[in-house]
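Engineer: Please find work_10.cif (mmCIF, C-alpha atoms and all ligand atoms) on the next line:
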data_run
loop_
_atom_site.label_atom_id
_atom_site.label_comp_id
_atom_site.auth_asym_id
_atom_site.auth_seq_id
_atom_site.Cartn_x
_atom_site.Cartn_y
_atom_site.Cartn_z
CA MET A 1 -60.65 -18.82 36.78
CA LYS A 2 -61.43 -20.39 33.44
CA ILE A 3 -58.28 -20.32 31.35
CA LEU A 4 -57.72 -21.42 27.75
CA VAL A 5 -54.12 -22.19 26.76
CA LEU A 6 -53.32 -22.32 23.03
CA GLY A 7 -50.54 -24.61 21.87
CA SER A 8 -49.41 -28.21 22.03
CA GLY A 9 -45.85 -28.36 23.34
CA ALA A 10 -43.89 -28.77 26.54
CA ARG A 11 -44.02 -25.01 27.11
CA GLU A 12 -47.82 -25.13 27.20
CA HIS A 13 -47.77 -28.21 29.44
CA ALA A 14 -45.41 -26.37 31.83
CA ILE A 15 -47.72 -23.32 31.86
CA ILE A 16 -50.68 -25.57 32.65
CA LEU A 17 -48.80 -27.42 35.42
CA SER A 18 -47.87 -24.06 36.95
CA LEU A 19 -51.52 -22.92 36.86
CA ARG A 20 -52.57 -26.24 38.40
CA SER A 21 -50.06 -25.87 41.23
CA GLU A 22 -51.82 -22.72 42.51
CA ALA A 23 -54.04 -22.75 45.57
CA ASP A 24 -57.01 -21.72 43.40
CA ASP A 25 -58.65 -24.51 41.46
CA HIS A 26 -58.80 -23.26 37.87
CA GLU A 27 -60.76 -24.81 35.05
CA ILE A 28 -58.19 -25.20 32.27
CA PHE A 29 -58.79 -25.81 28.57
CA ALA A 30 -56.05 -26.49 26.04
CA ALA A 31 -56.21 -26.31 22.25
CA PRO A 32 -55.00 -28.47 20.69
CA GLY A 33 -52.78 -29.81 23.54
CA ASN A 34 -51.16 -33.25 23.52
CA ALA A 35 -51.57 -36.60 25.29
CA GLY A 36 -49.72 -35.39 28.39
CA ILE A 37 -51.64 -32.10 28.58
CA ALA A 38 -54.85 -34.16 28.37
CA GLN A 39 -54.07 -35.43 31.88
CA ASP A 40 -54.03 -31.88 33.26
CA ALA A 41 -56.55 -29.93 31.15
CA THR A 42 -59.63 -30.42 29.00
CA LEU A 43 -58.58 -30.62 25.37
CA VAL A 44 -60.61 -28.59 22.89
CA ASP A 45 -60.60 -29.22 19.18
CA LEU A 46 -59.91 -25.68 17.93
CA ASP A 47 -57.64 -24.43 15.16
CA GLN A 48 -55.13 -22.27 17.06
CA LEU A 49 -54.91 -19.91 14.07
CA ASP A 50 -58.67 -19.33 13.90
CA GLY A 51 -59.25 -16.29 16.11
CA ALA A 52 -63.01 -16.18 15.47
CA ALA A 53 -63.50 -19.82 16.52
CA ILE A 54 -61.36 -19.30 19.63
CA ALA A 55 -63.33 -16.18 20.57
CA ALA A 56 -66.61 -18.03 20.08
CA PHE A 57 -65.45 -20.84 22.37
CA ALA A 58 -64.18 -18.36 24.98
CA ASN A 59 -67.51 -16.49 25.00
CA GLU A 60 -69.60 -19.64 25.11
CA ARG A 61 -67.67 -21.07 28.07
CA GLY A 62 -67.09 -17.77 29.89
CA VAL A 63 -63.29 -18.06 29.65
CA ASP A 64 -61.59 -15.39 31.82
CA LEU A 65 -58.18 -15.49 30.15
CA VAL A 66 -56.65 -16.86 26.96
CA VAL A 67 -52.91 -17.59 27.05
CA VAL A 68 -51.28 -17.87 23.64
CA GLY A 69 -48.29 -20.25 23.80
CA PRO A 70 -46.64 -20.33 20.36
CA GLU A 71 -45.61 -17.58 17.96
CA ALA A 72 -47.66 -18.68 14.93
CA PRO A 73 -51.08 -17.61 16.31
CA LEU A 74 -49.57 -14.32 17.53
CA VAL A 75 -48.09 -13.48 14.15
CA ALA A 76 -51.42 -14.52 12.59
CA GLY A 77 -53.21 -11.90 14.72
CA VAL A 78 -55.25 -14.21 16.97
CA ALA A 79 -54.67 -11.97 20.02
CA ASP A 80 -56.06 -8.97 18.09
CA VAL A 81 -59.29 -10.80 17.31
CA LEU A 82 -59.76 -11.79 20.98
CA ARG A 83 -58.89 -8.33 22.32
CA GLU A 84 -61.27 -6.63 19.88
CA ARG A 85 -64.03 -8.79 21.35
CA GLY A 86 -63.14 -7.86 24.93
CA ILE A 87 -61.62 -11.22 25.88
CA PRO A 88 -58.53 -10.85 28.13
CA VAL A 89 -55.60 -12.38 26.26
CA PHE A 90 -51.97 -12.85 27.23
CA GLY A 91 -50.05 -12.44 23.97
CA PRO A 92 -49.21 -9.51 21.70
CA GLY A 93 -51.16 -8.54 18.62
CA ARG A 94 -49.90 -9.12 15.11
CA ALA A 95 -48.02 -5.81 14.90
CA ALA A 96 -46.06 -6.16 18.17
CA ALA A 97 -45.42 -9.87 17.49
CA GLN A 98 -43.31 -8.72 14.53
CA LEU A 99 -40.60 -8.34 17.15
CA GLU A 100 -40.24 -12.10 16.72
CA GLY A 101 -41.82 -12.46 13.27
CA SER A 102 -39.34 -10.18 11.49
CA LYS A 103 -35.67 -9.81 12.35
CA ALA A 104 -35.59 -6.56 10.35
CA PHE A 105 -38.51 -5.15 12.38
CA ALA A 106 -36.77 -6.13 15.63
CA LYS A 107 -33.58 -4.35 14.51
CA ARG A 108 -35.53 -1.22 13.63
CA ILE A 109 -37.22 -1.15 17.03
CA MET A 110 -33.90 -1.73 18.80
CA ASP A 111 -32.26 1.07 16.84
CA ALA A 112 -35.13 3.45 17.60
CA ALA A 113 -35.09 2.51 21.29
CA GLY A 114 -31.29 2.60 21.63
CA VAL A 115 -31.10 -1.06 22.68
CA PRO A 116 -27.66 -2.71 22.41
CA THR A 117 -27.50 -5.36 19.69
CA GLY A 118 -25.07 -6.67 17.05
CA ARG A 119 -24.36 -4.54 14.00
CA ALA A 120 -26.33 -5.91 11.07
CA VAL A 121 -26.71 -5.28 7.35
CA ARG A 122 -29.80 -6.05 5.28
CA ALA A 123 -28.86 -7.81 2.06
CA SER A 124 -31.17 -8.41 -0.91
CA THR A 125 -28.74 -9.83 -3.45
CA GLN A 126 -25.81 -12.20 -3.50
CA ALA A 127 -23.48 -9.25 -4.12
CA GLU A 128 -24.82 -7.42 -1.06
CA VAL A 129 -24.40 -10.58 1.03
CA GLU A 130 -20.77 -10.90 -0.10
CA ALA A 131 -20.10 -7.23 0.60
CA ALA A 132 -21.55 -7.61 4.10
CA PHE A 133 -19.35 -10.66 4.73
CA ASP A 134 -16.31 -8.57 3.75
CA ASP A 135 -17.44 -5.70 5.94
CA LEU A 136 -18.33 -7.67 9.08
CA GLY A 137 -15.72 -10.43 8.80
CA ALA A 138 -15.83 -14.08 9.89
CA PRO A 139 -17.40 -16.00 11.56
CA HIS A 140 -20.46 -15.22 9.47
CA VAL A 141 -23.95 -14.88 10.93
CA VAL A 142 -26.85 -15.03 8.47
CA LYS A 143 -30.47 -14.64 9.55
CA ALA A 144 -33.60 -15.20 7.50
CA ASP A 145 -36.11 -12.41 8.11
CA GLY A 146 -39.31 -14.30 8.93
CA LEU A 147 -40.35 -17.15 11.23
CA ALA A 148 -38.27 -20.20 10.33
CA ALA A 149 -38.89 -22.58 13.25
CA GLY A 150 -35.33 -22.21 14.53
CA LYS A 151 -33.78 -22.98 11.13
CA GLY A 152 -33.33 -19.44 9.86
CA VAL A 153 -29.99 -18.64 11.54
CA ILE A 154 -26.56 -19.95 10.62
CA VAL A 155 -23.29 -19.15 12.38
CA THR A 156 -20.26 -20.46 10.53
CA THR A 157 -16.66 -19.72 9.57
CA ASP A 158 -17.31 -21.43 6.22
CA ARG A 159 -18.07 -18.60 3.79
CA ALA A 160 -19.46 -20.91 1.13
CA GLU A 161 -21.86 -22.46 3.62
CA ALA A 162 -22.94 -19.01 4.86
CA LEU A 163 -23.52 -17.87 1.27
CA ALA A 164 -25.53 -21.00 0.45
CA HIS A 165 -27.73 -20.36 3.51
CA ALA A 166 -28.31 -16.75 2.43
CA GLU A 167 -29.14 -17.83 -1.14
CA HIS A 168 -31.66 -20.35 0.18
CA TYR A 169 -33.65 -17.55 1.87
CA LEU A 170 -33.03 -14.66 -0.57
CA PRO A 171 -35.90 -15.56 -2.94
CA ALA A 172 -38.27 -14.97 0.02
CA GLY A 173 -36.82 -11.51 0.76
CA PRO A 174 -33.79 -9.77 2.26
CA VAL A 175 -31.62 -11.54 4.85
CA LEU A 176 -29.69 -10.01 7.73
CA ILE A 177 -25.93 -10.40 7.95
CA GLU A 178 -24.88 -9.76 11.52
CA GLU A 179 -21.61 -9.23 13.31
CA PHE A 180 -20.47 -12.32 15.24
CA LEU A 181 -20.92 -11.95 18.98
CA THR A 182 -19.32 -14.16 21.58
CA GLY A 183 -20.08 -14.92 25.22
CA PRO A 184 -22.54 -16.85 27.37
CA GLU A 185 -26.20 -16.67 26.35
CA VAL A 186 -29.04 -15.81 28.71
CA SER A 187 -32.79 -15.98 28.21
CA LEU A 188 -34.68 -13.44 30.26
CA PHE A 189 -38.49 -13.22 30.19
CA PHE A 190 -40.55 -10.12 30.89
CA LEU A 191 -44.28 -9.97 31.46
CA SER A 192 -45.58 -6.79 29.85
CA ASP A 193 -48.97 -5.09 29.93
CA GLY A 194 -47.90 -2.68 27.21
CA ASP A 195 -46.48 -0.18 29.67
CA THR A 196 -45.15 -1.86 32.83
CA VAL A 197 -42.86 -4.90 32.83
CA ARG A 198 -42.09 -7.56 35.43
CA ALA A 199 -39.00 -9.74 34.97
CA LEU A 200 -38.93 -13.47 35.62
CA SER A 201 -35.79 -15.36 36.66
CA PRO A 202 -33.01 -15.85 34.07
CA ALA A 203 -32.43 -19.21 32.40
CA GLN A 204 -30.01 -20.76 29.93
CA ASP A 205 -30.92 -22.96 27.00
CA PHE A 206 -28.74 -25.66 25.34
CA LYS A 207 -29.37 -25.23 21.62
CA ARG A 208 -27.05 -27.82 20.06
CA ALA A 209 -28.10 -31.44 19.67
CA LEU A 210 -25.06 -33.14 21.21
CA ASP A 211 -23.00 -33.08 24.39
CA GLY A 212 -20.31 -30.41 24.53
CA ASP A 213 -22.39 -28.13 22.24
CA GLY A 214 -21.76 -30.30 19.19
CA GLY A 215 -24.09 -31.16 16.34
CA PRO A 216 -26.79 -29.08 14.68
CA ASN A 217 -28.90 -26.33 16.25
CA THR A 218 -32.20 -27.55 17.68
CA GLY A 219 -35.24 -26.00 19.29
CA GLY A 220 -33.45 -26.55 22.63
CA MET A 221 -32.22 -29.75 24.32
CA GLY A 222 -32.29 -28.63 27.95
CA ALA A 223 -32.18 -25.64 30.27
CA TYR A 224 -31.51 -24.55 33.81
CA SER A 225 -32.44 -21.67 36.11
CA PRO A 226 -31.30 -19.51 37.84
CA LEU A 227 -27.83 -18.48 36.59
CA PRO A 228 -25.75 -17.94 39.74
CA TRP A 229 -22.63 -17.05 37.70
CA LEU A 230 -24.28 -13.78 36.63
CA ALA A 231 -23.21 -12.46 40.03
CA ASP A 232 -19.54 -12.65 38.92
CA ASP A 233 -19.91 -9.80 36.43
CA PHE A 234 -22.96 -7.96 37.72
CA GLY A 235 -22.63 -8.27 41.50
CA SER A 236 -25.87 -10.18 41.78
CA VAL A 237 -28.49 -11.84 39.58
CA GLU A 238 -30.88 -9.04 40.63
CA ALA A 239 -28.48 -6.37 39.38
CA PHE A 240 -28.25 -8.11 36.02
CA VAL A 241 -32.04 -8.32 35.77
CA ALA A 242 -32.35 -4.63 36.71
CA GLU A 243 -29.84 -3.61 34.02
CA VAL A 244 -31.63 -5.58 31.29
CA THR A 245 -34.99 -4.23 32.45
CA ASP A 246 -33.73 -0.65 32.10
CA THR A 247 -31.63 -0.99 28.95
CA VAL A 248 -33.62 -3.54 26.96
CA ALA A 249 -37.15 -4.38 28.11
CA LEU A 250 -38.51 -0.96 29.06
CA PRO A 251 -37.09 0.91 26.04
CA VAL A 252 -38.57 -1.68 23.66
CA VAL A 253 -41.97 -1.74 25.37
CA ARG A 254 -42.07 2.09 25.36
CA GLN A 255 -41.06 2.26 21.71
CA LEU A 256 -43.81 -0.17 20.70
CA ASP A 257 -46.32 1.72 22.81
CA ALA A 258 -45.29 5.02 21.20
CA GLU A 259 -45.85 3.46 17.78
CA GLY A 260 -49.40 2.54 18.77
CA THR A 261 -48.67 -1.20 18.87
CA PRO A 262 -48.35 -2.01 22.59
CA PHE A 263 -46.69 -5.29 23.54
CA ILE A 264 -49.03 -7.21 25.84
CA GLY A 265 -47.62 -10.61 26.69
CA LEU A 266 -44.25 -12.22 27.18
CA LEU A 267 -41.19 -10.40 25.92
CA TYR A 268 -38.39 -12.95 25.61
CA ALA A 269 -34.96 -11.31 25.46
CA GLY A 270 -32.32 -13.63 24.00
CA LEU A 271 -29.09 -12.05 25.24
CA ILE A 272 -25.38 -12.62 24.80
CA LEU A 273 -22.94 -11.31 27.40
CA THR A 274 -20.06 -10.09 25.28
CA PRO A 275 -16.85 -8.63 26.72
CA ALA A 276 -18.23 -5.24 25.61
CA GLY A 277 -21.51 -5.71 27.49
CA VAL A 278 -24.97 -7.20 27.11
CA ARG A 279 -26.27 -7.48 23.53
CA VAL A 280 -29.66 -8.65 22.28
CA ILE A 281 -29.44 -11.59 19.86
CA GLU A 282 -33.15 -11.92 19.31
CA PHE A 283 -36.56 -11.24 20.75
CA ASN A 284 -39.38 -13.70 20.93
CA ALA A 285 -42.97 -12.71 21.57
CA ARG A 286 -43.83 -15.72 23.77
CA PHE A 287 -42.44 -17.92 26.51
CA GLY A 288 -39.24 -19.79 25.55
CA ASP A 289 -39.13 -23.52 25.17
CA PRO A 290 -37.51 -25.27 27.10
CA GLU A 291 -36.61 -22.35 29.44
CA THR A 292 -40.20 -21.99 30.65
CA GLN A 293 -40.02 -25.54 31.99
CA VAL A 294 -37.32 -24.42 34.48
CA VAL A 295 -38.51 -20.88 35.21
CA LEU A 296 -42.14 -21.60 36.12
CA PRO A 297 -41.54 -24.41 38.66
CA ARG A 298 -39.50 -21.87 40.66
CA LEU A 299 -42.17 -19.13 40.50
CA ARG A 300 -43.91 -18.60 43.84
CA THR A 301 -46.30 -15.83 42.78
CA PRO A 302 -49.46 -17.33 41.24
CA LEU A 303 -48.92 -17.35 37.47
CA SER A 304 -52.60 -16.78 36.67
CA ARG A 305 -52.54 -13.53 38.60
CA LEU A 306 -49.51 -12.21 36.71
CA LEU A 307 -50.85 -13.24 33.30
CA LEU A 308 -54.26 -11.70 33.97
CA ALA A 309 -52.69 -8.48 35.24
CA ALA A 310 -50.58 -8.26 32.07
CA ALA A 311 -53.61 -8.97 29.89
CA SER A 312 -55.68 -6.36 31.79
CA GLY A 313 -53.14 -3.52 31.94
CA THR A 314 -52.75 -3.67 35.73
CA LEU A 315 -49.22 -5.03 36.10
CA GLU A 316 -48.22 -1.84 37.92
CA ASP A 317 -50.36 -2.96 40.88
CA GLU A 318 -48.50 -6.29 41.12
CA PRO A 319 -45.40 -6.76 43.25
CA GLN A 320 -42.24 -8.21 41.65
CA PRO A 321 -42.69 -11.95 41.01
CA GLU A 322 -41.07 -14.11 43.67
CA PHE A 323 -38.95 -17.16 43.03
CA SER A 324 -37.96 -20.13 45.15
CA SER A 325 -34.27 -20.47 46.03
CA ASP A 326 -34.48 -24.01 44.65
CA VAL A 327 -32.88 -24.53 41.25
CA ALA A 328 -34.42 -26.33 38.29
CA ILE A 329 -33.10 -28.19 35.29
CA THR A 330 -34.81 -29.81 32.33
CA VAL A 331 -33.51 -32.46 29.96
CA VAL A 332 -35.26 -32.98 26.63
CA LEU A 333 -35.83 -36.50 25.30
CA ALA A 334 -35.70 -36.41 21.50
CA SER A 335 -36.70 -38.96 18.88
CA GLU A 336 -34.12 -40.83 16.83
CA GLY A 337 -33.06 -38.63 13.92
CA TYR A 338 -34.00 -35.31 15.57
CA PRO A 339 -33.49 -32.58 14.41
CA GLU A 340 -32.97 -33.63 10.76
CA ALA A 341 -35.51 -36.43 10.33
CA PRO A 342 -37.24 -37.51 13.56
CA GLN A 343 -38.75 -40.99 13.64
CA THR A 344 -42.23 -40.90 15.12
CA GLY A 345 -44.96 -43.35 16.11
CA ARG A 346 -42.84 -45.29 18.62
CA MET A 347 -44.06 -46.28 22.08
CA ILE A 348 -42.88 -44.52 25.25
CA GLU A 349 -42.52 -46.60 28.44
CA GLY A 350 -41.64 -45.80 32.03
CA LEU A 351 -43.32 -42.39 32.37
CA ALA A 352 -44.92 -43.07 35.77
CA ASP A 353 -41.70 -44.54 37.08
CA ALA A 354 -39.80 -41.41 35.98
CA ALA A 355 -42.36 -39.05 37.54
CA SER A 356 -42.09 -40.91 40.86
CA VAL A 357 -38.52 -39.62 41.39
CA ASP A 358 -38.56 -36.97 44.12
CA GLY A 359 -38.76 -33.41 42.73
CA VAL A 360 -39.38 -34.59 39.16
CA SER A 361 -42.19 -33.95 36.74
CA VAL A 362 -42.53 -35.15 33.17
CA VAL A 363 -43.68 -32.49 30.76
CA HIS A 364 -44.98 -33.60 27.37
CA ALA A 365 -43.94 -32.01 24.08
CA ALA A 366 -44.99 -34.40 21.30
CA THR A 367 -46.90 -37.35 22.66
CA GLY A 368 -50.01 -38.95 21.27
CA ALA A 369 -52.69 -41.34 22.48
CA PRO A 370 -51.91 -45.08 22.47
CA ASP A 371 -52.56 -47.09 19.32
CA ALA A 372 -54.90 -49.33 21.33
CA PRO A 373 -56.84 -48.63 24.54
CA GLY A 374 -54.67 -49.19 27.62
CA GLY A 375 -51.47 -49.10 25.55
CA SER A 376 -48.47 -46.79 25.86
CA LEU A 377 -48.33 -43.21 24.61
CA VAL A 378 -46.48 -42.74 21.35
CA ALA A 379 -43.96 -40.13 20.22
CA THR A 380 -45.41 -37.79 17.60
CA GLY A 381 -42.51 -35.43 16.97
CA GLY A 382 -38.83 -34.59 17.41
CA ARG A 383 -38.73 -33.22 20.94
CA VAL A 384 -40.94 -35.77 22.72
CA LEU A 385 -40.90 -34.82 26.38
CA ASN A 386 -38.94 -33.00 29.06
CA VAL A 387 -37.92 -34.30 32.43
CA VAL A 388 -37.96 -31.35 34.86
CA ALA A 389 -36.24 -31.62 38.23
CA THR A 390 -35.97 -29.15 41.08
CA GLY A 391 -33.47 -29.44 43.91
CA SER A 392 -31.57 -27.51 46.52
CA ASP A 393 -28.56 -27.23 44.19
CA PHE A 394 -27.64 -28.19 40.63
CA ALA A 395 -25.89 -31.43 41.59
CA ASP A 396 -29.07 -32.51 43.36
CA ALA A 397 -31.40 -31.46 40.51
CA ARG A 398 -29.15 -33.11 37.90
CA ALA A 399 -29.04 -36.38 39.82
CA ARG A 400 -32.85 -36.42 39.96
CA ALA A 401 -33.36 -35.47 36.31
CA TYR A 402 -30.93 -38.05 34.98
CA GLU A 403 -32.27 -40.76 37.28
CA ALA A 404 -35.76 -40.05 35.94
CA ILE A 405 -34.87 -39.84 32.25
CA GLY A 406 -32.98 -43.13 32.59
CA ARG A 407 -36.27 -44.78 33.55
CA ILE A 408 -37.97 -43.78 30.28
CA SER A 409 -37.59 -45.91 27.21
CA LEU A 410 -38.24 -44.90 23.63
CA ASP A 411 -36.47 -46.76 20.85
CA GLY A 412 -33.57 -44.77 19.37
CA ALA A 413 -34.23 -41.72 21.58
CA HIS A 414 -31.39 -39.42 22.58
CA TYR A 415 -30.74 -36.67 25.10
CA ARG A 416 -27.85 -34.56 26.30
CA HIS A 417 -25.93 -35.69 29.37
CA ASP A 418 -24.29 -32.36 30.16
CA ILE A 419 -27.23 -30.08 30.94
CA ALA A 420 -26.19 -27.76 33.82
CA ALA A 421 -23.02 -29.84 34.29
CA ARG A 422 -20.70 -26.83 34.41
CA VAL A 423 -22.84 -24.87 36.86
CA ALA A 424 -23.08 -27.94 39.10
CA GLU A 425 -19.29 -28.08 39.53
P1 LIG A 501 -31.61 -16.74 16.95
O1 LIG A 501 -32.59 -17.55 16.16
O2 LIG A 501 -31.47 -15.32 16.50
O3 LIG A 501 -31.80 -16.91 18.41
O4 LIG A 501 -30.20 -17.43 16.74
C1 LIG A 501 -29.99 -18.78 17.08
C2 LIG A 501 -28.66 -18.93 17.74
O5 LIG A 501 -27.62 -18.52 16.85
C3 LIG A 501 -28.46 -18.08 18.98
O6 LIG A 501 -28.97 -18.66 20.13
C4 LIG A 501 -26.96 -17.95 19.04
O7 LIG A 501 -26.39 -19.10 19.63
C5 LIG A 501 -26.58 -17.89 17.59
N1 LIG A 501 -26.42 -16.50 17.16
C6 LIG A 501 -27.39 -15.66 16.70
N2 LIG A 501 -26.88 -14.45 16.41
C7 LIG A 501 -25.56 -14.50 16.70
C8 LIG A 501 -24.49 -13.58 16.60
N3 LIG A 501 -24.65 -12.33 16.14
N4 LIG A 501 -23.26 -13.99 17.00
C9 LIG A 501 -23.07 -15.24 17.45
N5 LIG A 501 -24.03 -16.17 17.56
C10 LIG A 501 -25.27 -15.82 17.18
N1 LIG A 502 -35.43 -21.72 23.61
C1 LIG A 502 -35.47 -20.94 22.43
C2 LIG A 502 -36.80 -20.47 22.07
O1 LIG A 502 -37.77 -20.67 22.77
O2 LIG A 502 -36.91 -19.84 21.03
#
Could the structure of this file be written out as structure tokens, please?

Structural biologist:
Amino acid sequence: MKILVLGSGAREHAIILSLRSEADDHEIFAAPGNAGIAQDATLVDLDQLDGAAIAAFANERGVDLVVVGPEAPLVAGVADVLRERGIPVFGPGRAAAQLEGSKAFAKRIMDAAGVPTGRAVRASTQAEVEAAFDDLGAPHVVKADGLAAGKGVIVTTDRAEALAHAEHYLPAGPVLIEEFLTGPEVSLFFLSDGDTVRALSPAQDFKRALDGDGGPNTGGMGAYSPLPWLADDFGSVEAFVAEVTDTVALPVVRQLDAEGTPFIGLLYAGLILTPAGVRVIEFNARFGDPETQVVLPRLRTPLSRLLLAAASGTLEDEPQPEFSSDVAITVVLASEGYPEAPQTGRMIEGLADAASVDGVSVVHAATGAPDAPGGSLVATGGRVLNVVATGSDFADARARAYEAIGRISLDGAHYRHDIAARVAE
């Protein structure tokens, strides 16, 4: 197949590596991609928000499938433009992408579909925010309504800090004040063709910058899959997946379909397992980053086949995706100063040495071409790359991942040392 992947992060690199691992030899294009993706796909200079230009490229080259990686093109309606022109696209249209683009929209859909989630109040003024704090109690959870690149949510016991966060976003529109939920978090991905869903294997993300879940929230500093401890409460990982399919994914997909805005793409359920049961914290309308980097290396069913079936409305004909019994972990290497003020432009050394560790691949998030021909790649952003390791158990995969990341040098870089440490014990 000819496949065009939109996006430029480690998630897109992981998708491309998964496509490349298939028996079929695909021709893969990436726009805009990054220096690591350039080693595995042909980079195309396209604006990922320009649906007409993407459609023109897809038609000219006879692209069979467009995979939209990030949320911004989805919310901008790029998938609608492609679908209107008959180009198979994996990614929801603008309306269904509001599930991620607007927290208020997501709450409305969950209410209509009877999906379990935290109680939330929409507040438009400082007085309404304060009243909601009184009503829901501490700790306080405040969520900006629109896309905020991971910065829109605050969870704090400090009322003044929570109020300041709300006031920062209020000029742009109402904020959500949500009841505080506690328990382990799980990311579960569903492929959807608008009607039928197929679950992937659960993963867990490490959102805080520092070891022991300290420091600020980030886009994600590491992940692992599967989550064997789910069997403690649910009997088996499969039983957990079946429950979330029936109580979360299918009701939401049916609700969106009934509203005439079918969800075609990846439904990311961000869940929290509270003592009272599973609750949805958020939906995303695309693959999670960095969870994708640990889910896809374990997928045995060809990814291209699943994505095309979802894009073409034929998921019902596909068997359940199969996963390897191997486990996977990923550790994110971040630039000095990430997340507040990442330092960029520095050289990265040791990539080949890291990738030579058994079971390891290096997935690029923000890398750029060398300053001079033959030189080293440079870091161009906060989350620079991910070391992904598979192994027969978590101790094995951790040993490989940390051996590999230790071989990479980038001045001032940092990473967490405790990814999947608890599950390895
Ligand atoms: P979100 O952007 O909605 O995923 O929120 C970011 C993070 O904030 C989540 O991964 C949780 O760790 C935390 N969070 C969000 N909502 C709640 C809540 N109601 N209770 C506790 N923590 C939350
Ligand atoms: N890992 C969190 C996200 O992809 O939004």

Engineer: Within 7 Å of ligand LIG 502 (chain A), counting only C-alpha atoms and all ligand atoms: which residues, as a PyMOL selection string?

Structural biologist: chain A and resi 205+219-220+284+287-291

Engineer: Hey, which residues come within 7 Å of ligand LIG 501 (chain A) if we count all atoms listed in the file? Could you give them as a PyMOL selection string?

Structural biologist: chain A and resi 118+141+150+152-155+178-182+207+270+281-282

Engineer: Any idea what's packed within 9 Å of Asp45 of chain A, counting only C-alpha atoms, ignoring anything in its chain fewer than 6 positions away? Could you give it as a list in words?

Structural biologist: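 Everything that qualifies: Ala30, Ala31, Pro32 and Gly33 of chain A.
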
Engineer: Rank nothing, just name the residue among A:Gly36, A:Phe206, A:Pro70, A:Ala14 nearest to Thr367 of chain A, using all atoms listed in the file.

Structural biologist: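 Of A:Gly36, A:Phe206, A:Pro70, A:Ala14, the one nearest Thr367 of chain A is A:Gly36, counting all atoms listed in the file.
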
Engineer: One decimal, in Å: what's the spacing between atom CA of Val197 of chain A and atom CA of Ala310 of chain A?

Structural biologist: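 Between atom CA of Val197 of chain A and atom CA of Ala310 of chain A the gap works out to 8.5 Å.
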
Engineer: I'd like the neighbourhood of Thr301 of chain A as a PyMOL selection string, where a residue qualifies if any of its atoms comes within 9 Å (using only C-alpha atoms), though same-chain residues fewer than 3 positions away should be ignored.

Structural biologist: chain A and resi 22+304-306+320-323

Engineer: Could you give me, as a tab-separated table, a per-residue list for segment 156-256 of chain A showing, wherever an atom lies at most 9 Å from an atom of segment 331-344 of chain A, the closest pair of atoms and their distance in Å to one decimal, using only C-alpha atoms and sorting by chain then residue number from low to high?

Structural biologist:
residue	atom	partner	partner_atom	distance
A:Ala209	CA	A:Pro339	CA	7.6
A:Pro216	CA	A:Pro339	CA	7.6
A:Asn217	CA	A:Pro339	CA	8.0
A:Thr218	CA	A:Pro339	CA	6.1
A:Gly219	CA	A:Pro339	CA	8.4
A:Gly220	CA	A:Val332	CA	7.8
A:Met221	CA	A:Val332	CA	5.0
A:Gly222	CA	A:Val331	CA	4.5
A:Ala223	CA	A:Val331	CA	7.0

Engineer: Give me, please, the distance in Å between atom CA of Ala421 of chain A and atom CA of Tyr402 of chain A, quoted to one decimal.

Structural biologist: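 Between these atoms lies a distance of 11.4 Å.
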
Engineer: Please report the interatomic distance between atom CA of Leu4 of chain A and atom CA of Phe29 of chain A in Å with one decimal.

Structural biologist: 4.6 Å

Engineer: Might you pull out every residue within 10 Å of Ala41 of chain A, with all atoms listed in the file counted and same-chain residues fewer than 2 positions away left off, and present them as a JSON list (two decimals) with C-alpha atoms, keeping the file's coordinate frame?

Structural biologist:
[["chain", "number", "residue", "atom", "x", "y", "z"],
["A", 3, "ILE", "CA", -58.28, -20.32, 31.35],
["A", 4, "LEU", "CA", -57.72, -21.42, 27.75],
["A", 5, "VAL", "CA", -54.12, -22.19, 26.76],
["A", 13, "HIS", "CA", -47.77, -28.21, 29.44],
["A", 16, "ILE", "CA", -50.68, -25.57, 32.65],
["A", 17, "LEU", "CA", -48.80, -27.42, 35.42],
["A", 20, "ARG", "CA", -52.57, -26.24, 38.40],
["A", 26, "HIS", "CA", -58.80, -23.26, 37.87],
["A", 27, "GLU", "CA", -60.76, -24.81, 35.05],
["A", 28, "ILE", "CA", -58.19, -25.20, 32.27],
["A", 29, "PHE", "CA", -58.79, -25.81, 28.57],
["A", 30, "ALA", "CA", -56.05, -26.49, 26.04],
["A", 31, "ALA", "CA", -56.21, -26.31, 22.25],
["A", 33, "GLY", "CA", -52.78, -29.81, 23.54],
["A", 34, "ASN", "CA", -51.16, -33.25, 23.52],
["A", 36, "GLY", "CA", -49.72, -35.39, 28.39],
["A", 37, "ILE", "CA", -51.64, -32.10, 28.58],
["A", 38, "ALA", "CA", -54.85, -34.16, 28.37],
["A", 39, "GLN", "CA", -54.07, -35.43, 31.88],
["A", 43, "LEU", "CA", -58.58, -30.62, 25.37],
["A", 44, "VAL", "CA", -60.61, -28.59, 22.89]]

Engineer: Could you give me, as JSON lines, a per-residue list for segment 286-396 of chain A showing, wherever an atom lies at most 9 Å from an atom of segment 243-265 of chain A, the closest pair of atoms and their distance in Å to one decimal, using all atoms listed in the file and sorting by chain then residue number from low to high?

Structural biologist:
{"residue": "A:Arg286", "atom": "CA", "partner": "A:Gly265", "partner_atom": "CA", "distance": 7.0}
{"residue": "A:Phe287", "atom": "CA", "partner": "A:Gly265", "partner_atom": "CA", "distance": 9.0}
{"residue": "A:Leu307", "atom": "CA", "partner": "A:Gly265", "partner_atom": "CA", "distance": 7.8}
{"residue": "A:Ala310", "atom": "CA", "partner": "A:Ile264", "partner_atom": "CA", "distance": 6.5}
{"residue": "A:Ala311", "atom": "CA", "partner": "A:Ile264", "partner_atom": "CA", "distance": 6.4}
{"residue": "A:Ser312", "atom": "CA", "partner": "A:Ile264", "partner_atom": "CA", "distance": 9.0}
{"residue": "A:Gly313", "atom": "CA", "partner": "A:Ile264", "partner_atom": "CA", "distance": 8.2}
